[in-house]
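Peer 1: Pasting final_5.csv here (CSV, C-alpha atoms):
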```csv
chain,number,residue,atom,x,y,z
X,1,MET,CA,-32.0,-84.8,32.8
X,2,THR,CA,-29.5,-85.8,30.2
X,3,ASN,CA,-26.4,-83.8,29.8
X,4,THR,CA,-26.1,-83.4,26.0
X,5,THR,CA,-24.4,-80.4,24.5
X,6,SER,CA,-26.0,-77.7,22.4
X,7,ALA,CA,-26.4,-78.3,18.6
X,8,THR,CA,-26.0,-74.5,18.0
X,9,LYS,CA,-23.1,-72.9,16.1
X,10,THR,CA,-19.9,-71.8,17.7
X,11,GLU,CA,-19.8,-68.4,19.4
X,12,SER,CA,-17.9,-67.0,16.4
X,13,GLU,CA,-20.7,-67.8,14.0
X,14,THR,CA,-24.2,-66.4,13.7
X,15,PRO,CA,-26.7,-69.1,12.6
X,16,GLU,CA,-29.5,-68.2,10.3
X,17,PRO,CA,-32.9,-68.1,12.1
X,18,ARG,CA,-34.1,-71.1,10.1
X,19,ASP,CA,-31.1,-73.2,11.0
X,20,TYR,CA,-31.2,-72.1,14.6
X,21,ALA,CA,-34.9,-73.1,14.7
X,22,ALA,CA,-34.1,-76.5,13.4
X,23,GLU,CA,-31.3,-77.0,15.9
X,24,ALA,CA,-33.6,-75.8,18.7
X,25,ASP,CA,-36.3,-78.2,17.7
X,26,ALA,CA,-33.9,-81.1,17.7
X,27,TRP,CA,-32.4,-80.1,21.0
X,28,PHE,CA,-35.8,-79.8,22.8
X,29,ALA,CA,-37.0,-83.0,21.2
X,30,GLU,CA,-34.1,-84.8,22.9
X,31,ASN,CA,-33.7,-82.9,26.1
X,32,VAL,CA,-37.2,-82.1,27.5
X,33,PRO,CA,-37.1,-84.1,30.8
X,34,ALA,CA,-39.4,-86.9,31.7
X,35,ASP,CA,-42.0,-86.8,34.4
X,36,PRO,CA,-40.0,-86.3,37.6
X,37,GLY,CA,-42.5,-88.3,39.7
X,38,PHE,CA,-43.9,-85.2,41.5
X,39,MET,CA,-46.3,-82.4,40.5
X,40,LEU,CA,-44.6,-79.6,38.5
X,41,PRO,CA,-46.0,-76.1,38.7
X,42,LEU,CA,-48.2,-74.7,35.9
X,43,THR,CA,-46.9,-71.2,36.5
X,44,PHE,CA,-43.9,-69.6,38.3
X,45,MET,CA,-46.3,-68.5,41.0
X,46,GLU,CA,-46.7,-72.1,42.2
X,47,VAL,CA,-43.2,-73.0,43.0
X,48,GLY,CA,-43.7,-74.0,46.6
X,49,GLU,CA,-41.5,-77.1,47.2
X,50,ASP,CA,-37.7,-77.4,47.2
X,51,ARG,CA,-37.8,-80.3,44.8
X,52,GLN,CA,-39.8,-78.3,42.3
X,53,PHE,CA,-37.4,-75.3,42.7
X,54,GLU,CA,-34.3,-77.4,42.2
X,55,PHE,CA,-35.7,-79.3,39.3
X,56,LEU,CA,-36.8,-76.1,37.5
X,57,ARG,CA,-33.6,-74.3,38.3
X,58,ALA,CA,-31.5,-77.1,36.7
X,59,TRP,CA,-33.8,-77.1,33.7
X,60,GLN,CA,-33.4,-73.3,33.1
X,61,ARG,CA,-29.6,-73.6,33.5
X,62,LYS,CA,-29.6,-76.4,30.9
X,63,VAL,CA,-31.7,-74.5,28.4
X,64,TYR,CA,-29.4,-71.5,28.9
X,65,GLU,CA,-26.1,-73.4,28.5
X,66,ALA,CA,-27.5,-75.0,25.3
X,67,GLY,CA,-27.9,-71.5,23.9
X,68,TYR,CA,-31.7,-71.2,23.8
X,69,LEU,CA,-32.3,-68.6,26.5
X,70,GLY,CA,-31.2,-65.0,26.3
X,71,ALA,CA,-30.4,-65.4,22.6
X,72,ALA,CA,-31.1,-61.7,21.8
X,73,TRP,CA,-29.3,-60.3,24.9
X,74,PRO,CA,-25.7,-59.0,24.3
X,75,LYS,CA,-22.8,-61.4,24.5
X,76,ASP,CA,-21.1,-59.0,27.0
X,77,TYR,CA,-23.8,-59.8,29.5
X,78,GLY,CA,-24.2,-63.5,29.0
X,79,GLY,CA,-26.5,-63.6,26.0
X,80,ARG,CA,-25.9,-64.9,22.5
X,81,GLY,CA,-26.0,-61.6,20.7
X,82,LEU,CA,-28.5,-62.9,18.1
X,83,THR,CA,-31.9,-61.5,17.3
X,84,GLU,CA,-35.5,-61.7,18.6
X,85,ALA,CA,-36.3,-64.0,15.7
X,86,HIS,CA,-33.8,-66.5,17.0
X,87,GLN,CA,-35.2,-66.4,20.5
X,88,LYS,CA,-38.8,-66.8,19.3
X,89,ALA,CA,-37.8,-69.8,17.3
X,90,ALA,CA,-36.2,-71.4,20.4
X,91,THR,CA,-39.3,-70.6,22.5
X,92,ARG,CA,-41.6,-72.1,19.9
X,93,ALA,CA,-39.5,-75.3,20.0
X,94,MET,CA,-39.7,-75.4,23.8
X,95,ARG,CA,-43.5,-75.0,23.7
X,96,LYS,CA,-43.9,-77.6,20.9
X,97,HIS,CA,-42.0,-80.2,22.9
X,98,ARG,CA,-43.9,-79.2,26.2
X,99,GLY,CA,-40.8,-78.3,28.2
X,100,PRO,CA,-41.3,-77.3,31.8
X,101,ILE,CA,-41.7,-73.6,32.7
X,102,LEU,CA,-38.6,-71.5,33.2
X,103,LEU,CA,-38.1,-70.7,36.9
X,104,ASN,CA,-36.7,-67.2,37.0
X,105,ALA,CA,-39.7,-65.3,35.6
X,106,ILE,CA,-39.2,-61.9,37.3
X,107,GLY,CA,-35.5,-61.9,36.4
X,108,LEU,CA,-35.9,-63.0,32.8
X,109,ASN,CA,-38.9,-60.9,32.0
X,110,TRP,CA,-38.9,-57.8,34.2
X,111,ALA,CA,-35.7,-57.1,36.1
X,112,GLY,CA,-33.4,-58.2,33.3
X,113,PRO,CA,-34.9,-56.0,30.6
X,114,LEU,CA,-35.0,-53.1,33.0
X,115,ILE,CA,-31.3,-53.5,33.8
X,116,LEU,CA,-30.5,-53.8,30.1
X,117,ASP,CA,-32.3,-50.6,29.4
X,118,ILE,CA,-31.4,-48.3,32.2
X,119,GLY,CA,-28.9,-50.0,34.4
X,120,SER,CA,-25.3,-49.0,34.9
X,121,GLU,CA,-22.5,-50.9,33.2
X,122,GLU,CA,-21.6,-52.4,36.6
X,123,GLN,CA,-25.2,-53.5,37.2
X,124,LYS,CA,-25.4,-55.1,33.8
X,125,ARG,CA,-22.2,-57.1,34.3
X,126,ALA,CA,-23.1,-58.1,37.9
X,127,TYR,CA,-26.8,-59.2,37.4
X,128,LEU,CA,-27.6,-60.2,33.9
X,129,LYS,CA,-25.7,-63.5,33.3
X,130,PRO,CA,-26.7,-65.0,36.7
X,131,ILE,CA,-30.4,-64.2,35.8
X,132,LEU,CA,-30.1,-66.3,32.6
X,133,SER,CA,-28.3,-69.2,34.3
X,134,ALA,CA,-30.7,-69.1,37.3
X,135,GLU,CA,-27.7,-68.7,39.6
X,136,HIS,CA,-29.6,-65.6,41.0
X,137,ILE,CA,-33.4,-65.8,41.4
X,138,TRP,CA,-35.3,-62.5,41.5
X,139,CYS,CA,-38.6,-61.5,43.1
X,140,GLN,CA,-40.7,-58.3,43.1
X,141,GLY,CA,-41.4,-56.0,46.0
X,142,PHE,CA,-44.3,-53.8,44.9
X,143,SER,CA,-47.5,-54.7,46.8
X,144,GLU,CA,-47.9,-54.0,50.5
X,145,PRO,CA,-50.3,-55.4,53.0
X,146,GLU,CA,-52.3,-52.3,53.7
X,147,HIS,CA,-52.4,-50.7,50.3
X,148,GLY,CA,-53.9,-53.2,47.9
X,149,SER,CA,-53.7,-52.0,44.3
X,150,ASP,CA,-52.6,-48.5,45.3
X,151,LEU,CA,-49.0,-49.0,44.3
X,152,GLY,CA,-48.2,-45.3,44.4
X,153,ASN,CA,-48.9,-45.3,48.2
X,154,ALA,CA,-46.1,-47.7,49.0
X,155,GLN,CA,-44.9,-47.0,52.5
X,156,LEU,CA,-41.8,-49.3,52.9
X,157,LYS,CA,-39.1,-46.7,53.9
X,158,ALA,CA,-35.6,-46.5,52.5
X,159,ALA,CA,-33.6,-44.0,54.6
X,160,ARG,CA,-30.2,-42.9,53.3
X,161,ASP,CA,-27.4,-43.4,55.9
X,162,GLY,CA,-24.0,-42.8,54.5
X,163,ASP,CA,-23.2,-45.3,51.8
X,164,ASP,CA,-26.3,-47.4,52.6
X,165,TYR,CA,-30.1,-47.3,52.6
X,166,VAL,CA,-31.9,-48.6,55.7
X,167,LEU,CA,-35.1,-50.5,54.8
X,168,ASN,CA,-38.2,-50.8,57.1
X,169,GLY,CA,-41.6,-52.1,56.2
X,170,SER,CA,-43.0,-55.1,54.4
X,171,LYS,CA,-44.1,-56.4,51.0
X,172,ILE,CA,-46.7,-59.1,50.2
X,173,TRP,CA,-47.5,-61.6,47.4
X,174,THR,CA,-43.7,-61.9,46.9
X,175,THR,CA,-43.5,-64.7,44.4
X,176,GLN,CA,-40.6,-67.1,45.2
X,177,GLY,CA,-39.5,-64.6,47.9
X,178,ASN,CA,-38.3,-67.4,50.1
X,179,TYR,CA,-35.9,-68.6,47.3
X,180,ALA,CA,-34.9,-65.2,45.8
X,181,ASP,CA,-31.4,-63.7,45.9
X,182,TYR,CA,-32.5,-60.3,44.7
X,183,MET,CA,-35.7,-58.2,44.6
X,184,ILE,CA,-36.8,-55.3,42.4
X,185,LEU,CA,-38.0,-53.0,45.2
X,186,LEU,CA,-40.2,-49.9,45.2
X,187,ALA,CA,-39.6,-47.9,48.4
X,188,ARG,CA,-40.2,-44.4,49.9
X,189,THR,CA,-37.1,-42.3,50.1
X,190,ASP,CA,-38.7,-38.9,50.7
X,191,LEU,CA,-41.4,-38.6,53.3
X,192,ALA,CA,-41.9,-34.9,52.6
X,193,ALA,CA,-42.3,-35.1,48.8
X,194,GLU,CA,-44.9,-32.9,47.2
X,195,ASN,CA,-47.0,-35.9,46.2
X,196,LYS,CA,-46.9,-39.6,46.9
X,197,TYR,CA,-45.3,-40.5,43.5
X,198,ALA,CA,-42.4,-38.1,43.8
X,199,GLY,CA,-41.1,-39.7,47.0
X,200,LEU,CA,-40.5,-43.2,45.6
X,201,SER,CA,-37.2,-44.8,44.5
X,202,PHE,CA,-36.4,-48.1,42.8
X,203,PHE,CA,-33.8,-50.6,44.1
X,204,LEU,CA,-32.1,-53.8,43.0
X,205,SER,CA,-32.1,-55.1,46.6
X,206,PRO,CA,-30.3,-58.2,47.8
X,207,MET,CA,-32.5,-60.6,49.8
X,208,THR,CA,-29.7,-62.1,51.9
X,209,VAL,CA,-28.7,-59.2,54.1
X,210,PRO,CA,-29.6,-59.2,57.9
X,211,GLY,CA,-33.0,-57.8,58.6
X,212,ILE,CA,-34.8,-59.3,55.6
X,213,THR,CA,-37.0,-62.3,56.3
X,214,THR,CA,-39.9,-64.0,54.5
X,215,ARG,CA,-43.0,-66.0,55.6
X,216,LYS,CA,-44.6,-68.4,53.2
X,217,LEU,CA,-48.3,-67.9,52.4
X,218,LYS,CA,-50.6,-70.8,51.7
X,219,LYS,CA,-53.0,-70.4,48.8
X,220,LEU,CA,-56.5,-71.7,48.1
X,221,THR,CA,-55.0,-74.7,46.4
X,222,GLY,CA,-53.1,-75.7,49.5
X,223,GLU,CA,-49.8,-74.9,47.7
X,224,TYR,CA,-47.3,-72.2,48.4
X,225,GLY,CA,-45.4,-69.9,46.0
X,226,PHE,CA,-46.0,-66.4,47.6
X,227,THR,CA,-44.5,-64.9,50.7
X,228,GLN,CA,-44.7,-61.9,52.8
X,229,THR,CA,-41.3,-60.1,53.1
X,230,PHE,CA,-40.3,-58.2,56.2
X,231,PHE,CA,-37.6,-55.5,56.4
X,232,GLU,CA,-36.3,-54.5,59.8
X,233,ASP,CA,-33.4,-52.1,59.7
X,234,ALA,CA,-32.1,-54.0,56.7
X,235,ARG,CA,-29.0,-52.2,55.1
X,236,ILE,CA,-28.4,-52.3,51.4
X,237,GLY,CA,-25.7,-50.4,49.5
X,238,ALA,CA,-26.5,-47.1,47.8
X,239,ASP,CA,-25.3,-48.7,44.6
X,240,CYS,CA,-28.5,-50.8,44.7
X,241,LEU,CA,-30.4,-47.7,43.5
X,242,ILE,CA,-31.3,-47.7,39.9
X,243,GLY,CA,-32.5,-44.7,37.9
X,244,GLY,CA,-31.8,-42.1,40.5
X,245,GLU,CA,-33.5,-41.2,43.7
X,246,GLY,CA,-37.1,-40.0,43.4
X,247,ASN,CA,-37.7,-41.7,40.0
X,248,GLY,CA,-39.1,-44.9,41.4
X,249,TRP,CA,-42.7,-44.4,40.2
X,250,LYS,CA,-41.5,-43.8,36.6
X,251,ILE,CA,-39.3,-46.9,36.7
X,252,ALA,CA,-42.1,-49.0,38.3
X,253,MET,CA,-44.4,-48.1,35.5
X,254,ARG,CA,-41.7,-49.1,33.0
X,255,THR,CA,-41.3,-52.4,34.8
X,256,LEU,CA,-45.0,-53.0,34.6
X,257,GLU,CA,-44.8,-52.5,30.9
X,258,TYR,CA,-42.4,-55.5,30.7
X,259,GLU,CA,-44.6,-57.5,33.0
X,260,ARG,CA,-47.7,-56.8,30.9
X,261,GLY,CA,-46.0,-57.4,27.6
X,262,ALA,CA,-46.3,-53.8,26.4
X,263,ARG,CA,-42.5,-53.4,26.2
X,264,GLY,CA,-40.0,-55.9,24.8
X,265,GLY,CA,-36.5,-57.1,25.8
X,266,GLN,CA,-37.5,-60.3,27.7
X,267,ALA,CA,-35.0,-63.2,27.6
X,268,GLY,CA,-37.4,-65.8,26.1
X,269,GLY,CA,-39.0,-69.0,27.1
X,270,TYR,CA,-42.3,-69.1,29.0
X,271,VAL,CA,-43.2,-69.1,32.7
X,272,SER,CA,-46.7,-70.5,32.6
X,273,ILE,CA,-48.6,-73.3,30.9
X,274,PRO,CA,-52.1,-72.3,30.0
X,275,PRO,CA,-54.9,-74.8,29.5
X,276,ASP,CA,-54.6,-76.6,26.2
X,277,LEU,CA,-57.7,-76.0,24.2
X,278,MET,CA,-57.4,-79.3,22.2
X,279,GLU,CA,-57.2,-81.2,25.5
X,280,ILE,CA,-60.5,-79.5,26.4
X,281,VAL,CA,-61.9,-80.7,23.1
X,282,ASP,CA,-60.9,-84.2,24.1
X,283,LEU,CA,-62.6,-83.8,27.4
X,284,ALA,CA,-65.8,-82.8,25.5
X,285,ARG,CA,-65.5,-85.9,23.4
X,286,SER,CA,-65.2,-88.2,26.4
X,287,ALA,CA,-67.7,-86.4,28.6
X,288,SER,CA,-71.3,-87.5,28.4
X,289,ARG,CA,-74.5,-85.4,28.2
X,290,ASP,CA,-77.8,-87.2,28.2
X,291,GLY,CA,-76.2,-90.4,27.0
X,292,ALA,CA,-74.3,-88.8,24.1
X,293,PRO,CA,-70.8,-87.2,23.9
X,294,ALA,CA,-70.9,-83.7,25.2
X,295,LEU,CA,-69.3,-82.4,22.0
X,296,SER,CA,-72.4,-83.3,20.1
X,297,ASP,CA,-74.4,-80.7,22.1
X,298,PRO,CA,-74.8,-77.8,19.7
X,299,VAL,CA,-74.6,-75.1,22.4
X,300,LEU,CA,-71.5,-76.6,23.9
X,301,LYS,CA,-70.0,-77.0,20.4
X,302,ASP,CA,-70.7,-73.3,19.7
X,303,ARG,CA,-68.8,-72.3,22.9
X,304,MET,CA,-65.9,-74.4,21.8
X,305,VAL,CA,-65.7,-72.7,18.4
X,306,GLY,CA,-65.9,-69.4,20.1
X,307,TYR,CA,-62.9,-70.2,22.3
X,308,LEU,CA,-60.9,-71.4,19.3
X,309,MET,CA,-61.6,-68.1,17.6
X,310,ASP,CA,-60.6,-66.2,20.7
X,311,MET,CA,-57.3,-68.0,21.0
X,312,HIS,CA,-56.5,-67.4,17.3
X,313,ALA,CA,-57.5,-63.8,17.6
X,314,LEU,CA,-55.1,-63.3,20.6
X,315,SER,CA,-52.3,-65.0,18.7
X,316,LEU,CA,-52.9,-62.7,15.7
X,317,SER,CA,-53.0,-59.7,18.0
X,318,SER,CA,-49.6,-60.6,19.4
X,319,GLU,CA,-48.2,-60.4,15.9
X,320,ARG,CA,-50.2,-57.4,14.8
X,321,LYS,CA,-48.9,-55.2,17.7
X,322,ARG,CA,-45.4,-55.5,16.2
X,323,ILE,CA,-46.5,-54.0,12.8
X,324,ALA,CA,-46.6,-50.2,13.3
X,325,PRO,CA,-48.9,-49.3,10.4
X,326,LEU,CA,-51.6,-51.7,11.7
X,327,VAL,CA,-51.7,-50.1,15.2
X,328,GLU,CA,-50.8,-46.4,14.5
X,329,ASP,CA,-54.3,-45.2,15.6
X,330,HIS,CA,-53.8,-46.6,19.1
X,331,PRO,CA,-50.2,-48.0,19.4
X,332,MET,CA,-50.6,-49.1,23.0
X,333,ALA,CA,-54.0,-50.7,22.7
X,334,LEU,CA,-53.0,-54.2,21.9
X,335,PRO,CA,-50.0,-54.4,24.4
X,336,LEU,CA,-52.2,-53.1,27.2
X,337,MET,CA,-55.1,-55.4,26.3
X,338,GLY,CA,-52.9,-58.5,26.1
X,339,LYS,CA,-52.4,-59.3,29.8
X,340,LEU,CA,-56.1,-58.7,30.6
X,341,GLU,CA,-57.4,-60.8,27.7
X,342,PHE,CA,-55.0,-63.7,28.1
X,343,SER,CA,-55.5,-64.0,31.9
X,344,GLU,CA,-59.2,-63.8,31.8
X,345,LEU,CA,-59.5,-66.3,28.8
X,346,TYR,CA,-57.3,-68.8,30.6
X,347,ARG,CA,-59.5,-68.6,33.7
X,348,GLU,CA,-62.6,-69.0,31.6
X,349,LEU,CA,-61.2,-72.0,29.8
X,350,SER,CA,-60.3,-73.8,33.0
X,351,GLU,CA,-63.8,-73.1,34.4
X,352,PHE,CA,-65.3,-74.5,31.2
X,353,ALA,CA,-63.3,-77.6,31.4
X,354,LEU,CA,-64.6,-78.2,34.9
X,355,THR,CA,-68.2,-78.0,33.6
X,356,LEU,CA,-67.4,-80.9,31.3
X,357,LEU,CA,-66.3,-83.0,34.2
X,358,GLY,CA,-69.6,-82.8,36.0
X,359,PRO,CA,-69.5,-84.2,39.5
X,360,LYS,CA,-65.8,-85.2,39.1
X,361,ALA,CA,-64.9,-81.5,39.0
X,362,ALA,CA,-65.3,-81.6,42.8
X,363,TYR,CA,-62.3,-83.9,43.2
X,364,TYR,CA,-58.9,-82.4,43.7
X,365,VAL,CA,-55.2,-83.4,43.2
X,366,GLY,CA,-54.5,-86.7,44.9
X,367,GLU,CA,-58.1,-87.8,45.4
X,368,PRO,CA,-59.0,-91.3,44.0
X,369,ASN,CA,-61.9,-90.2,41.8
X,370,ALA,CA,-60.2,-87.1,40.4
X,371,ALA,CA,-60.1,-86.8,36.6
X,372,ASP,CA,-56.6,-86.3,35.2
X,373,ASP,CA,-55.4,-86.3,38.9
X,374,GLY,CA,-57.2,-83.1,39.6
X,375,TRP,CA,-55.3,-81.1,36.9
X,376,TRP,CA,-58.3,-79.1,35.7
X,377,ALA,CA,-59.4,-78.1,39.2
X,378,ARG,CA,-55.9,-77.0,40.1
X,379,SER,CA,-55.6,-75.1,36.8
X,380,TYR,CA,-58.8,-73.3,37.5
X,381,LEU,CA,-57.9,-72.2,41.1
X,382,ASN,CA,-54.4,-71.1,40.0
X,383,ALA,CA,-55.8,-69.2,37.1
X,384,PHE,CA,-57.0,-66.5,39.4
X,385,SER,CA,-53.5,-65.5,40.4
X,386,ALA,CA,-52.8,-64.3,36.8
X,387,THR,CA,-55.9,-62.1,36.9
X,388,ILE,CA,-54.4,-60.4,40.1
X,389,GLY,CA,-50.6,-60.3,39.6
X,390,GLY,CA,-49.3,-57.5,37.5
X,391,GLY,CA,-52.4,-55.4,38.2
X,392,THR,CA,-55.9,-56.8,38.7
X,393,SER,CA,-58.2,-57.2,35.8
X,394,GLN,CA,-60.2,-54.2,37.2
X,395,ILE,CA,-57.0,-52.1,37.2
X,396,GLN,CA,-56.2,-53.2,33.6
X,397,ARG,CA,-59.6,-52.1,32.4
X,398,ASN,CA,-59.1,-48.7,34.1
X,399,ILE,CA,-55.7,-48.4,32.3
X,400,ILE,CA,-57.2,-49.2,28.9
X,401,GLY,CA,-60.1,-46.8,29.5
X,402,GLU,CA,-57.8,-43.9,30.5
X,403,HIS,CA,-54.7,-44.4,28.3
X,404,VAL,CA,-56.2,-46.0,25.2
X,405,LEU,CA,-59.8,-44.7,25.0
X,406,GLY,CA,-59.1,-41.4,26.7
X,407,LEU,CA,-61.9,-41.7,29.3
X,408,PRO,CA,-61.8,-39.6,32.4
X,409,LYS,CA,-59.8,-40.9,35.3
X,410,THR,CA,-61.8,-43.0,37.8
X,411,ARG,CA,-62.1,-41.8,41.4
```
Would you write the structure of this file as structure tokens?

Peer 2:
Amino acid sequence: MTNTTSATKTESETPEPRDYAAEADAWFAENVPADPGFMLPLTFMEVGEDRQFEFLRAWQRKVYEAGYLGAAWPKDYGGRGLTEAHQKAATRAMRKHRGPILLNAIGLNWAGPLILDIGSEEQKRAYLKPILSAEHIWCQGFSEPEHGSDLGNAQLKAARDGDDYVLNGSKIWTTQGNYADYMILLARTDLAAENKYAGLSFFLSPMTVPGITTRKLKKLTGEYGFTQTFFEDARIGADCLIGGEGNGWKIAMRTLEYERGARGGQAGGYVSIPPDLMEIVDLARSASRDGAPALSDPVLKDRMVGYLMDMHALSLSSERKRIAPLVEDHPMALPLMGKLEFSELYRELSEFALTLLGPKAAYYVGEPNAADDGWWARSYLNAFSATIGGGTSQIQRNIIGEHVLGLPKTR
């Protein structure tokens, strides 16, 4: 990567969003790194090699130091003190010039906004700037091996002992757990609580204390990215608690709102690269059906138009949800639908691309006959993680049914 300086204004000046957008466009045009010679992750859930991790960590740090990450976060905590409009402009420029993903997804998008909203002054000063610079990588400790989607039944125990909590149990599907410095952790502090939700507390837990270990988990793709995390008499300070003891369920639900895009405050950038619909159109042009380009097939062409409409509708919905008069009938409908719709559409698009490849769809990354070096097969297999992480698609449908449509709670 080159080491150019930012084109943004000095800290004492506030650039207009239009000027800032032009500066960001010029910066990303010049500084998006070339192909490093090894496979880069399509999402933050696929960072399984040290060289990927170090490359993406350096990229995030460079974007931050240039002034294009955390633009709307307060200056006191490492941000630029600008507006969401500024940050959106920078993110658009990053996407336009096809920059790599940003590494520290959980810190930038979930832990950081949570700390900004409800953290103590000491927590904000300790944690926020290192999140932006990728000095501290964060992971999430919600799911547990024996409890599936029943987050409220978390059994990892946090027992108060003087100025510490002692942790025992395990978490699973911990994205980047083997690289993380900190974890947002849901743990059980009261075994005798009147119900399972009342006994939970929320921690900003260090990952480097004795008694915390991780084991990498291999995915269907052959890659890593997830771990199982074990806690054996691990001691963390009582100052790691956030939001007060017994309030863990409420804080976890708030965190999931950040994760699902239903609550704002994220630092900017993007942490996944979905299938490019226009690249799929190119596939349809080059693929053959009965001796003719696949795109000339009227049925296939109709599906392509349908996907174009779906993508445009999702883009418009993202804007509409910010305009209160347009969503006053069901204010949370679009935010709660967004995660479900995007993840399922991206999975469907990747599957559709494979149908265009015909027999070549069976070849994977590194195999001689693979189309685009197996990119589409890898994209398809990895797309399932987005339909599971942050709540499965089935859970999302239950949430929409209960909290938007007012349907009775499922058993």

Peer 1: For X:Tyr346, find every residue with an atom within 12 Å (counting only C-alpha atoms), except residues of its own chain fewer than 2 positions away, and show them as number ranges by chain.

Peer 2: X: 272-277, 280, 307, 310-311, 314, 339-344, 348-353, 376, 379-387

Peer 1: Measure the distance from atom CA of X:Phe53 to atom CA of X:Asn168 in Å and round it to one decimal.

Peer 2: 28.4 Å

Peer 1: Around (-32.1, -76.2, 19.4), as given in the file, which residues come within 10 Å? Count only C-alpha atoms and list them as a PyMOL selection string.

Peer 2: chain X and resi 6-8+19-31+63+66-68+89-91+93-94

Peer 1: With all atoms listed in the file as the atoms that count, which of X:Trp375, X:Phe38, X:Tyr165, X:Phe231 lies nearest to X:Phe203?

Peer 2: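 Closest residue, counting all atoms listed in the file: X:Tyr165.
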
Peer 1: When distances are computed from only C-alpha atoms, which of X:Leu69, X:Val166, X:Val365, X:Met183 shows the smallest separation from X:Tyr127?

Peer 2: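 The shortest atom-to-atom distance to X:Tyr127 comes from X:Met183.
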
Peer 1: Name the closest residue to X:Leu334 among the candidates X:Arg378, X:Arg260, X:Arg285, X:Lys301; distances are taken between atoms, counting all atoms listed in the file.

Peer 2: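 Of all the options, X:Arg260 lies closest to X:Leu334.
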
Peer 1: To one decimal place, how far is atom CA of X:Thr43 from atom CA of X:Gly225 in Å?

Peer 2: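 Separation between atom CA of X:Thr43 and atom CA of X:Gly225: 9.7 Å.
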
Peer 1: For stretch 245-249 of chain X, work out the shell of residues within 7 Å, counting all atoms listed in the file and skipping chain neighbours fewer than 6 positions away, then give it as a PyMOL selection string.

Peer 2: chain X and resi 152+186+197-202

Peer 1: Please compute the atom CA of X:Lys157-atom CA of X:Lys219 distance, one decimal, in Å.

Peer 2: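 Taking atom CA of X:Lys157 as the start and atom CA of X:Lys219 as the end point, the length is 27.9 Å.
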
Peer 1: Around the point (-73.1, -78.3, 22.3) in the file's coordinates, collect all residues with an atom within 12 Å, using only C-alpha atoms, and return them as a list in words.

Peer 2: Val281, Ala284, Arg285, Ala287, Ser288, Arg289, Asp290, Ala292, Pro293, Ala294, Leu295, Ser296, Asp297, Pro298, Val299, Leu300, Lys301, Asp302, Arg303, Met304, Val305, Gly306 and Leu356 of chain X

Peer 1: Check the smallest atom-to-atom distance from each of X:Asp35, X:Pro17, X:Ala252, X:Phe230 to X:Ala72 using all atoms listed in the file, then report the winner.

Peer 2: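 Among the listed residues, the smallest separation from X:Ala72 belongs to X:Pro17.
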
Peer 1: Would you please work out which residue, of X:Glu223, X:Glu279, X:Asp163, X:Asp76, is nearest to X:Arg125 when using all atoms listed in the file?

Peer 2: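 Distance minimum relative to X:Arg125 lands on X:Asp76.
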
Peer 1: Name all residues at most 12 Å from X:Asp117 (count all atoms listed in the file; drop same-chain ones fewer than 5 positions away) and give them as a PyMOL selection string.

Peer 2: chain X and resi 73-74+110-112+123-124+128+242-243+251+254-255+258+263-266

Peer 1: From the list X:Ala154, X:Ala192, X:Ala377, X:Leu116, which residue is nearest X:Tyr363 when using all atoms listed in the file?

Peer 2: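 With all atoms listed in the file as the atom set, the closest residue is X:Ala377.
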
Peer 1: Need the shell around X:Gly107: protein/DNA/RNA residues with any atom at most 8 Å away, counting all atoms listed in the file. Skip same-chain ones fewer than 5 positions apart. Format as a list in words?

Peer 2: Gly112, Ile131, Leu132, Ile137, Trp138 and Cys139 of chain X
